[in-house]
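Containing TSV, C-alpha atoms: protein-v5.tsv.
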```tsv
chain	number	residue	atom	x	y	z
G	1	MET	CA	-31.79	77.65	138.23
G	2	LYS	CA	-33.71	78.92	135.22
G	3	ASN	CA	-31.72	81.03	132.77
G	4	ASP	CA	-34.30	83.79	132.08
G	5	LEU	CA	-31.97	86.38	130.45
G	6	THR	CA	-32.18	86.88	126.72
G	7	CYS	CA	-29.17	87.57	124.52
G	8	GLY	CA	-30.28	91.17	124.07
G	9	VAL	CA	-30.43	91.77	127.83
G	10	VAL	CA	-27.04	90.08	128.39
G	11	ARG	CA	-25.39	92.17	125.67
G	12	ASP	CA	-26.70	95.32	127.38
G	13	LEU	CA	-25.25	94.13	130.66
G	14	LEU	CA	-21.86	92.99	129.29
G	15	PRO	CA	-20.09	96.40	129.59
G	16	SER	CA	-20.97	96.56	133.28
G	17	TYR	CA	-20.13	92.87	133.65
G	18	VAL	CA	-16.67	93.34	132.15
G	19	GLU	CA	-16.02	96.34	134.39
G	20	ASN	CA	-17.25	94.26	137.39
G	21	LEU	CA	-19.99	96.74	138.19
G	22	LEU	CA	-22.98	94.33	138.43
G	23	GLY	CA	-24.55	93.17	141.61
G	24	GLU	CA	-24.06	89.59	142.73
G	25	GLU	CA	-27.47	88.33	141.53
G	26	SER	CA	-27.21	89.98	138.10
G	27	LYS	CA	-23.62	88.74	137.67
G	28	GLU	CA	-24.69	85.17	138.40
G	29	ALA	CA	-27.52	85.43	135.88
G	30	VAL	CA	-25.11	86.66	133.18
G	31	ASP	CA	-22.68	83.85	134.04
G	32	ARG	CA	-25.42	81.24	133.56
G	33	HIS	CA	-26.35	82.73	130.18
G	34	LEU	CA	-22.73	82.82	129.01
G	35	GLU	CA	-22.34	79.14	129.84
G	36	THR	CA	-25.01	78.23	127.31
G	37	CYS	CA	-24.57	80.99	124.71
G	38	PRO	CA	-21.42	80.88	122.58
G	39	GLU	CA	-22.23	84.13	120.79
G	40	CYS	CA	-22.59	86.18	123.97
G	41	ARG	CA	-19.55	84.49	125.42
G	42	GLU	CA	-17.48	85.47	122.37
G	43	ARG	CA	-18.73	89.04	122.61
G	44	LYS	CA	-17.77	89.14	126.31
G	45	GLU	CA	-14.24	87.91	125.52
G	46	ASP	CA	-13.83	90.54	122.81
G	47	MET	CA	-14.88	93.26	125.24
G	48	ALA	CA	-12.59	91.96	127.99
G	49	ALA	CA	-9.46	91.82	125.77
G	50	PRO	CA	-7.62	95.25	125.58
G	51	THR	CA	-7.25	96.74	122.14
G	52	GLY	CA	-3.92	97.79	120.60
G	53	ALA	CA	-4.99	101.40	120.78
G	54	GLU	CA	-5.66	101.11	124.49
G	55	GLU	CA	-2.28	99.46	125.07
G	56	THR	CA	-0.53	102.15	123.06
G	57	ALA	CA	-2.31	104.89	124.98
G	58	GLU	CA	-1.43	103.28	128.28
G	59	ALA	CA	2.21	102.87	127.27
G	60	ALA	CA	2.34	106.48	126.13
G	61	LYS	CA	1.00	107.55	129.52
G	62	GLU	CA	3.72	105.53	131.27
G	63	VAL	CA	6.47	106.94	129.04
G	64	ASP	CA	5.22	110.46	129.58
G	65	PHE	CA	5.15	109.90	133.32
G	66	LEU	CA	8.71	108.55	133.31
G	67	ARG	CA	9.88	111.50	131.27
G	68	ARG	CA	8.37	113.91	133.75
G	69	VAL	CA	9.96	112.02	136.63
G	70	LYS	CA	13.37	111.97	134.88
G	71	LYS	CA	13.18	115.64	133.99
G	72	GLY	CA	12.34	116.54	137.56
G	73	ALA	CA	15.18	114.33	138.86
G	74	VAL	CA	17.68	115.97	136.48
G	75	LYS	CA	16.62	119.41	137.66
G	76	LYS	CA	17.01	118.38	141.29
G	77	ILE	CA	20.44	116.84	140.63
G	78	ALA	CA	21.60	119.91	138.71
G	79	LEU	CA	20.37	122.18	141.49
G	80	ALA	CA	22.15	120.04	144.08
G	81	VAL	CA	25.40	120.15	142.07
G	82	VAL	CA	25.18	123.94	141.69
G	83	CYS	CA	24.45	124.41	145.39
G	84	THR	CA	27.34	122.12	146.36
G	85	ALA	CA	29.71	123.96	144.01
G	86	LEU	CA	28.63	127.33	145.42
G	87	VAL	CA	29.17	126.09	148.97
G	88	LEU	CA	32.64	124.78	148.08
G	89	LEU	CA	33.60	127.98	146.25
G	90	GLY	CA	32.31	130.02	149.14
G	91	GLY	CA	34.36	127.95	151.58
G	92	ILE	CA	37.50	128.31	149.46
G	93	ALA	CA	36.93	132.06	149.13
G	94	MET	CA	36.48	132.38	152.89
G	95	LYS	CA	39.69	130.41	153.46
G	96	LEU	CA	41.72	132.44	150.94
G	97	PHE	CA	40.40	135.95	151.54
G	98	VAL	CA	39.01	136.04	155.08
G	99	ILE	CA	40.21	133.22	157.34
G	100	GLY	CA	43.65	132.66	155.84
G	101	THR	CA	46.47	130.59	157.33
G	102	PRO	CA	48.99	131.20	160.12
G	103	LEU	CA	51.91	133.39	159.07
G	104	GLN	CA	54.97	131.46	157.87
G	105	ALA	CA	58.29	133.18	158.54
G	106	GLN	CA	59.56	132.45	155.03
G	107	SER	CA	56.68	134.46	153.53
G	108	VAL	CA	57.86	137.69	155.22
G	109	ALA	CA	60.92	139.84	154.54
G	110	VAL	CA	62.46	141.71	157.46
G	111	VAL	CA	63.10	145.24	156.18
G	112	ALA	CA	64.30	146.64	159.51
G	113	ASN	CA	65.36	144.91	162.73
G	114	GLU	CA	66.84	147.41	165.15
G	115	VAL	CA	67.29	147.70	168.90
G	116	GLN	CA	66.12	151.09	170.18
G	117	ASP	CA	65.40	152.90	173.43
G	118	GLY	CA	68.67	151.94	175.05
G	119	GLY	CA	68.22	148.26	174.34
G	120	ASN	CA	64.70	148.08	175.78
G	121	MET	CA	62.76	147.97	172.51
G	122	LEU	CA	63.08	146.09	169.22
G	123	PHE	CA	61.75	147.89	166.15
G	124	LEU	CA	60.59	145.69	163.28
G	125	SER	CA	59.51	146.57	159.77
G	126	LEU	CA	58.09	143.60	157.88
G	127	THR	CA	56.71	143.16	154.38
G	128	SER	CA	55.30	140.25	152.41
G	129	ILE	CA	57.62	138.61	149.92
G	130	SER	CA	54.75	137.90	147.52
G	131	SER	CA	52.66	140.79	146.18
G	132	GLY	CA	49.63	138.52	146.43
G	133	ASP	CA	49.87	138.11	150.20
G	134	ALA	CA	48.33	140.31	152.88
G	135	PHE	CA	48.41	140.00	156.67
G	136	TYR	CA	46.09	140.87	159.52
G	137	GLY	CA	45.68	140.17	163.22
G	138	TRP	CA	49.26	140.87	164.30
G	139	GLU	CA	49.87	139.94	167.93
G	140	GLN	CA	52.74	139.32	170.34
G	141	GLU	CA	52.81	136.56	172.91
G	142	THR	CA	55.50	136.19	175.59
G	143	VAL	CA	55.91	132.88	177.41
G	144	ASP	CA	58.88	132.08	179.68
G	145	GLY	CA	60.99	134.92	178.30
G	146	VAL	CA	60.29	134.07	174.64
G	147	THR	CA	58.23	136.51	172.57
G	148	SER	CA	56.51	135.15	169.47
G	149	ILE	CA	54.96	137.32	166.77
G	150	TYR	CA	51.91	135.91	165.00
G	151	ALA	CA	49.53	136.99	162.21
G	152	ARG	CA	47.16	135.54	159.63
G	153	ARG	CA	48.12	135.42	155.96
G	154	VAL	CA	45.39	135.85	153.32
G	155	THR	CA	45.23	136.55	149.59
G	156	VAL	CA	45.05	140.24	148.76
G	157	SER	CA	41.43	141.35	148.32
G	158	PRO	CA	39.15	144.29	149.13
G	159	PHE	CA	38.77	142.73	152.57
G	160	CYS	CA	42.53	142.88	153.31
G	161	ARG	CA	45.17	144.66	151.22
G	162	VAL	CA	47.97	145.36	153.72
G	163	GLY	CA	51.11	143.30	153.12
G	164	ASP	CA	53.47	145.03	155.55
G	165	ALA	CA	53.64	145.95	159.22
G	166	GLN	CA	55.73	147.94	161.68
G	167	MET	CA	55.85	147.22	165.37
G	168	TYR	CA	57.80	147.60	168.57
G	169	VAL	CA	58.62	144.61	170.74
G	170	PRO	CA	59.47	145.21	174.43
G	171	LEU	CA	62.70	143.46	175.41
G	172	ASN	CA	62.50	143.72	179.18
G	173	PHE	CA	62.77	140.23	180.71
G	174	VAL	CA	62.88	138.72	177.21
G	175	GLN	CA	65.59	136.32	176.02
G	176	GLU	CA	64.40	135.65	172.46
G	177	VAL	CA	62.07	137.12	169.83
G	178	TRP	CA	60.67	134.87	167.09
G	179	LEU	CA	58.60	135.55	163.98
G	180	GLY	CA	55.89	132.92	163.55
G	181	GLY	CA	56.64	131.11	166.82
G	182	THR	CA	59.72	129.14	167.87
G	183	SER	CA	59.50	127.03	164.71
G	184	GLY	CA	59.78	130.18	162.57
G	185	ARG	CA	62.59	132.73	162.33
G	186	LEU	CA	64.72	133.95	165.22
G	187	LEU	CA	64.90	137.76	165.16
G	188	TRP	CA	66.68	138.65	168.38
G	189	ALA	CA	68.40	136.75	171.18
G	190	GLY	CA	70.73	137.50	174.05
G	191	GLY	CA	71.04	141.18	173.17
G	192	GLN	CA	71.88	140.46	169.51
G	193	VAL	CA	69.83	141.13	166.38
G	194	ILE	CA	70.00	137.86	164.45
G	195	THR	CA	70.42	138.57	160.73
G	196	GLN	CA	69.14	136.40	157.89
G	197	GLU	CA	72.75	135.96	156.76
G	198	THR	CA	73.61	134.40	160.10
G	199	LEU	CA	70.66	132.03	159.95
G	200	ASP	CA	71.57	130.99	156.40
G	201	LEU	CA	75.23	130.41	157.25
G	202	VAL	CA	74.53	128.37	160.38
G	203	ASP	CA	72.10	126.30	158.36
G	204	ALA	CA	74.79	125.77	155.67
G	205	LYS	CA	77.54	124.50	158.00
G	206	THR	CA	79.12	121.15	157.16
G	207	LEU	CA	81.17	118.59	159.04
G	208	TYR	CA	83.63	117.80	156.26
G	209	CYS	CA	86.00	120.02	154.31
G	210	GLY	CA	85.98	117.42	151.54
G	211	ASP	CA	82.38	118.37	150.71
G	212	ALA	CA	83.19	120.76	147.84
G	213	PRO	CA	79.56	121.72	147.02
G	214	ALA	CA	78.90	122.60	150.68
G	215	LEU	CA	82.07	124.71	150.83
G	216	GLY	CA	81.09	126.48	147.62
G	217	HIS	CA	77.69	127.27	149.12
G	218	ILE	CA	79.31	128.72	152.25
G	219	ALA	CA	81.64	130.89	150.16
G	220	GLU	CA	78.68	132.10	148.11
G	221	LEU	CA	76.71	133.03	151.25
G	222	LEU	CA	79.74	134.89	152.63
G	223	LYS	CA	79.94	136.81	149.31
G	224	ILE	CA	83.72	136.40	149.17
G	225	SER	CA	84.01	136.98	145.43
G	226	GLN	CA	81.87	140.12	145.63
G	227	VAL	CA	84.29	141.68	148.10
G	228	LEU	CA	87.69	140.27	147.11
G	229	GLY	CA	87.22	139.42	143.46
G	230	PRO	CA	87.50	136.11	141.59
G	231	TYR	CA	89.43	133.21	143.05
G	232	THR	CA	90.03	129.50	142.63
G	233	THR	CA	89.74	126.90	145.36
G	234	SER	CA	91.93	123.95	146.28
G	235	LEU	CA	91.36	121.42	149.07
G	236	HIS	CA	93.91	119.35	150.95
G	237	THR	CA	92.04	116.42	152.50
G	238	ALA	CA	94.49	113.52	152.12
G	239	GLU	CA	95.84	113.99	155.62
G	240	GLN	CA	95.73	116.47	158.47
G	241	PRO	CA	95.90	119.36	158.70
G	242	TYR	CA	92.92	119.67	156.37
G	243	VAL	CA	93.22	122.91	154.39
G	244	TRP	CA	90.83	125.00	152.28
G	245	THR	CA	92.89	127.38	150.11
G	246	LEU	CA	91.64	130.42	148.19
G	247	GLU	CA	93.82	131.67	145.35
G	248	PHE	CA	92.81	135.21	144.41
G	249	GLN	CA	93.31	136.55	140.91
G	250	GLU	CA	93.23	140.31	141.51
G	251	GLU	CA	95.57	142.63	143.41
G	252	PHE	CA	94.88	143.19	147.08
G	253	GLU	CA	94.67	146.49	148.87
G	254	LYS	CA	95.49	146.58	152.56
G	255	GLU	CA	91.81	146.66	153.48
G	256	ASP	CA	91.22	143.59	151.32
G	257	TRP	CA	93.69	141.63	153.41
G	258	LYS	CA	91.79	142.59	156.56
G	259	ALA	CA	88.46	141.63	154.96
G	260	LEU	CA	89.98	138.26	154.05
G	261	HIS	CA	90.47	137.49	157.74
G	262	TYR	CA	86.85	138.45	158.43
G	263	PHE	CA	85.92	135.57	156.14
G	264	THR	CA	88.54	133.03	157.24
G	265	TYR	CA	87.31	132.89	160.85
G	266	GLN	CA	83.78	132.19	159.69
G	267	MET	CA	84.98	129.52	157.25
G	268	LEU	CA	86.83	127.78	160.10
G	269	ALA	CA	83.75	127.94	162.31
G	270	LEU	CA	81.38	126.56	159.67
G	271	VAL	CA	83.42	123.52	158.54
G	272	GLY	CA	83.68	120.92	161.26
G	273	ASN	CA	87.03	119.26	160.48
G	274	LEU	CA	88.69	122.20	158.74
G	275	ASP	CA	92.08	122.84	160.36
G	276	LYS	CA	93.33	125.76	158.30
G	277	VAL	CA	92.28	128.29	155.67
G	278	GLY	CA	95.08	129.17	153.25
G	279	TYR	CA	95.17	132.00	150.77
G	280	THR	CA	97.35	133.49	148.07
G	281	TYR	CA	97.12	137.06	146.76
G	282	GLU	CA	99.10	139.75	145.02
G	283	PRO	CA	99.51	142.98	147.00
G	284	VAL	CA	99.21	146.29	145.19
G	285	ASN	CA	102.67	147.67	144.26
G	286	ALA	CA	104.37	144.40	145.20
G	287	GLU	CA	107.95	144.06	143.97
G	288	GLY	CA	108.87	141.40	141.44
G	289	ARG	CA	109.12	141.03	137.71
G	290	THR	CA	106.66	138.15	137.44
G	291	ARG	CA	103.37	137.48	139.16
G	292	GLU	CA	104.88	134.44	140.85
G	293	GLU	CA	107.48	136.70	142.47
G	294	ARG	CA	104.79	139.15	143.61
G	295	ILE	CA	102.42	136.55	145.04
G	296	ARG	CA	102.07	136.41	148.82
G	297	GLU	CA	100.57	133.53	150.75
G	298	GLY	CA	99.36	132.97	154.25
G	299	SER	CA	96.95	130.98	156.38
G	300	VAL	CA	94.82	131.09	159.51
G	301	SER	CA	94.55	127.95	161.62
G	302	ALA	CA	91.58	126.90	163.73
G	303	GLU	CA	93.84	127.03	166.77
G	304	SER	CA	94.95	130.63	166.21
G	305	ALA	CA	91.37	131.69	165.39
G	306	SER	CA	90.12	130.12	168.62
G	307	LYS	CA	92.73	131.98	170.68
G	308	LEU	CA	92.01	135.32	169.02
G	309	LEU	CA	88.23	135.00	169.46
G	310	ALA	CA	88.71	134.08	173.12
G	311	ARG	CA	90.75	137.26	173.66
G	312	LEU	CA	88.21	139.36	171.79
G	313	THR	CA	85.35	137.90	173.86
G	314	LYS	CA	87.07	138.72	177.15
G	315	LYS	CA	87.76	142.23	175.92
G	316	TYR	CA	84.14	142.71	174.85
G	317	ASN	CA	82.84	141.46	178.21
G	318	GLU	CA	85.06	143.91	180.07
G	319	GLU	CA	84.09	146.88	177.89
G	320	HIS	CA	80.34	146.16	177.74
G	321	HIS	CA	79.84	144.45	181.12
G	322	THR	CA	78.47	141.34	179.47
G	323	ASP	CA	79.01	137.67	180.22
G	324	TRP	CA	79.41	136.15	176.79
G	325	PRO	CA	80.85	132.62	177.03
G	326	VAL	CA	84.54	132.30	176.16
G	327	HIS	CA	84.72	129.33	173.81
G	328	GLU	CA	87.74	127.09	173.57
G	329	SER	CA	87.20	126.35	169.88
G	330	VAL	CA	86.12	128.48	166.94
G	331	LYS	CA	83.80	125.61	165.98
G	332	GLU	CA	81.54	126.35	168.96
G	333	TYR	CA	80.47	129.64	167.39
G	334	ALA	CA	78.54	127.76	164.69
G	335	GLU	CA	76.50	125.75	167.19
G	336	SER	CA	73.69	128.34	167.38
G	337	PRO	CA	72.62	131.51	165.59
G	338	LEU	CA	73.23	133.55	168.75
G	339	GLU	CA	76.84	132.42	169.16
G	340	TYR	CA	77.52	132.91	165.45
G	341	GLN	CA	76.07	136.43	165.58
G	342	ARG	CA	78.30	137.19	168.58
G	343	MET	CA	81.33	136.03	166.59
G	344	VAL	CA	80.33	138.30	163.69
G	345	THR	CA	79.97	141.21	166.12
G	346	LEU	CA	83.49	140.59	167.48
G	347	LEU	CA	84.97	140.38	163.99
G	348	LYS	CA	83.24	143.55	162.80
G	349	GLN	CA	84.48	145.54	165.75
G	350	ASN	CA	88.04	144.27	165.76
G	351	ILE	CA	89.03	143.32	162.22
G	352	ILE	CA	87.01	145.00	159.48
G	353	TYR	CA	83.52	144.72	158.09
G	354	PRO	CA	83.85	144.32	154.31
G	355	VAL	CA	81.76	146.51	152.05
G	356	MET	CA	79.66	144.40	149.71
G	357	THR	CA	79.77	145.59	146.10
```

Written form, structure tokens:
Amino acid sequence: MKNDLTCGVVRDLLPSYVENLLGEESKEAVDRHLETCPECRERKEDMAAPTGAEETAEAAKEVDFLRRVKKGAVKKIALAVVCTALVLLGGIAMKLFVIGTPLQAQSVAVVANEVQDGGNMLFLSLTSISSGDAFYGWEQETVDGVTSIYARRVTVSPFCRVGDAQMYVPLNFVQEVWLGGTSGRLLWAGGQVITQETLDLVDAKTLYCGDAPALGHIAELLKISQVLGPYTTSLHTAEQPYVWTLEFQEEFEKEDWKALHYFTYQMLALVGNLDKVGYTYEPVNAEGRTREERIREGSVSAESASKLLARLTKKYNEEHHTDWPVHESVKEYAESPLEYQRMVTLLKQNIIYPVMT
């Protein structure tokens, strides 16, 4: 086919040719001319090759685009992090200040625990141990003769500031009253208010009189030194009878001797293999030139304690028309908080209740 395009015409058409804008017939005519014309072909190649400036501009556009994309992604990520943190903080705040957690018995102090209305009502006054705790939603639930007291504990805030409560618990057809459910604290059972001291002592009981730290803990809970003054301890564990002896350093009044027996029965109950509690003391106005001559000693055996408590239980049942079990051994009184509290009641009424100083 005849190549009828001049170089001038082809050069005019080259920009459109390079951009692929020519029609098919015109493109073929330019192709035929380029095959035979080195100068036009060189010009076409120069036009088709991108310049450094164009490459730089294109790269700058790409970098700018990536920057915009990155900046937008960072903003989205930051916003997501802030939103997540706000949601978490809001959830924590709701948990601490509004929803709270179920009341735990150890977080509440029992200020008053008294039977009123002829034994038909238990009055309770409770307060939070921590100043940062508040309670709401108090309720009582009785199932099979067991009343449980529940509440929600939250952190003090404008939403809830009350950290104490007073309430009455009906005792008709009720055998036990618990704070925080049956896994919490026993408050009342079998007609007896169960004190924290009783719960602590029953929890501290030990099987062996050779366990000196356990015995020291029991003596501390009983507050023996606060009532009777300083003393030293000696243990006889080489052979039976196993003996725990208290050697008191100060003079004894008559009432001190009675208070001593209030403690000895509990010591015998709380130590599983303890056969006897011995004691030495110096009576006020005792005769003798030396302390050794004035010292008196004595002991209470588990056997004699068991017999006395059995007699006291029978007497109590007759006077109060109750049916407390008559135990054969003093050890049985430490088997439950209720039985221990009954033993304390018998001792208070028939021996002496020591005044704590």

ask   = Mind pulling up the distance from atom CA of Val111 of chain G to atom CA of Val156 of chain G?
value =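 Atom-to-atom, atom CA of Val156 of chain G to atom CA of Val111 of chain G, that is 20.1 Å.
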
Can you pull out every residue within 8 Å of Ala204 of chain G, counting only C-alpha atoms, but drop anything in the same chain fewer than 5 positions away, and send it as a short mmCIF file (atom, residue, chain, number, x, y, z; two decimals) with C-alpha atoms, keeping the file's coordinate frame?
```
data_model
loop_
_atom_site.label_atom_id
_atom_site.label_comp_id
_atom_site.auth_asym_id
_atom_site.auth_seq_id
_atom_site.Cartn_x
_atom_site.Cartn_y
_atom_site.Cartn_z
CA ALA G 214 78.90 122.60 150.68
CA HIS G 217 77.69 127.27 149.12
CA ILE G 218 79.31 128.72 152.25
CA LEU G 270 81.38 126.56 159.67
#
```

request  = Give me, please, the distance in Å between atom CA of Asn172 of chain G and atom CA of Arg311 of chain G, quoted to one decimal.
outcome  =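 It comes out at 29.5 Å.
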
message = If I take atom CA of Gln226 of chain G and atom CA of Leu274 of chain G, how far is one from the other in Å, to one decimal?
response =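 Value for the atom CA of Gln226 of chain G-atom CA of Leu274 of chain G distance: 23.2 Å.
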
task = Compile the contact shell of Ser234 of chain G as a PyMOL selection string: residues with an atom at most 7 Å away, counting only C-alpha atoms, same-chain residues fewer than 6 positions apart removed.
result = chain G and resi 244-246

ask   = Using only C-alpha atoms, which residues sit within 12 Å of segment 347-352 of chain G once same-chain residues fewer than 5 positions away are excluded, as a list in words?
value =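 Selected residues are Lys254, Glu255, Asp256, Trp257, Lys258, Ala259, Leu260, His261, Tyr262, Phe263, Thr264, Tyr265, Gln266, Ala305, Leu308, Leu309, Ala310, Arg311, Leu312, Thr313, Lys315, Tyr316, Tyr340, Gln341 and Arg342 of chain G.
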
key: Distance query Gln175 of chain G at most 6 Å, all atoms listed in the file, self and fewer than 4 positions along chain excluded, as a PyMOL selection string   = chain G and resi 145-146+189-190

task = Could you give me, as a VMD selection string, the residues within 8 Å of segment 4-16 of chain G, counting all atoms listed in the file and dropping anything in the same chain fewer than 2 positions from it?
result = chain G and resid 2 18 to 22 29 to 30 33 40 43 to 44 47

inquiry  = Considering all atoms listed in the file, can you say which of G:Gly180, G:Gly298, G:Gly118, G:Pro158 comes closest to Gln140 of chain G?
reply    = G:Gly180

Centre and size of axis-aligned box enclosing segment 215-225 of chain G plus 8 Å each side, as lines of an AutoDock Vina configuration file:
```
center_x = 80.4
center_y = 130.8
center_z = 149.0
size_x = 23.3
size_y = 28.3
size_z = 23.2
```

ask   = Looking at G:Met267, G:Leu215, G:Ile92, G:Leu103, which one is nearest to Tyr333 of chain G, with distances taken over all atoms listed in the file?
value =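 Closest to Tyr333 of chain G of all the choices is G:Met267.
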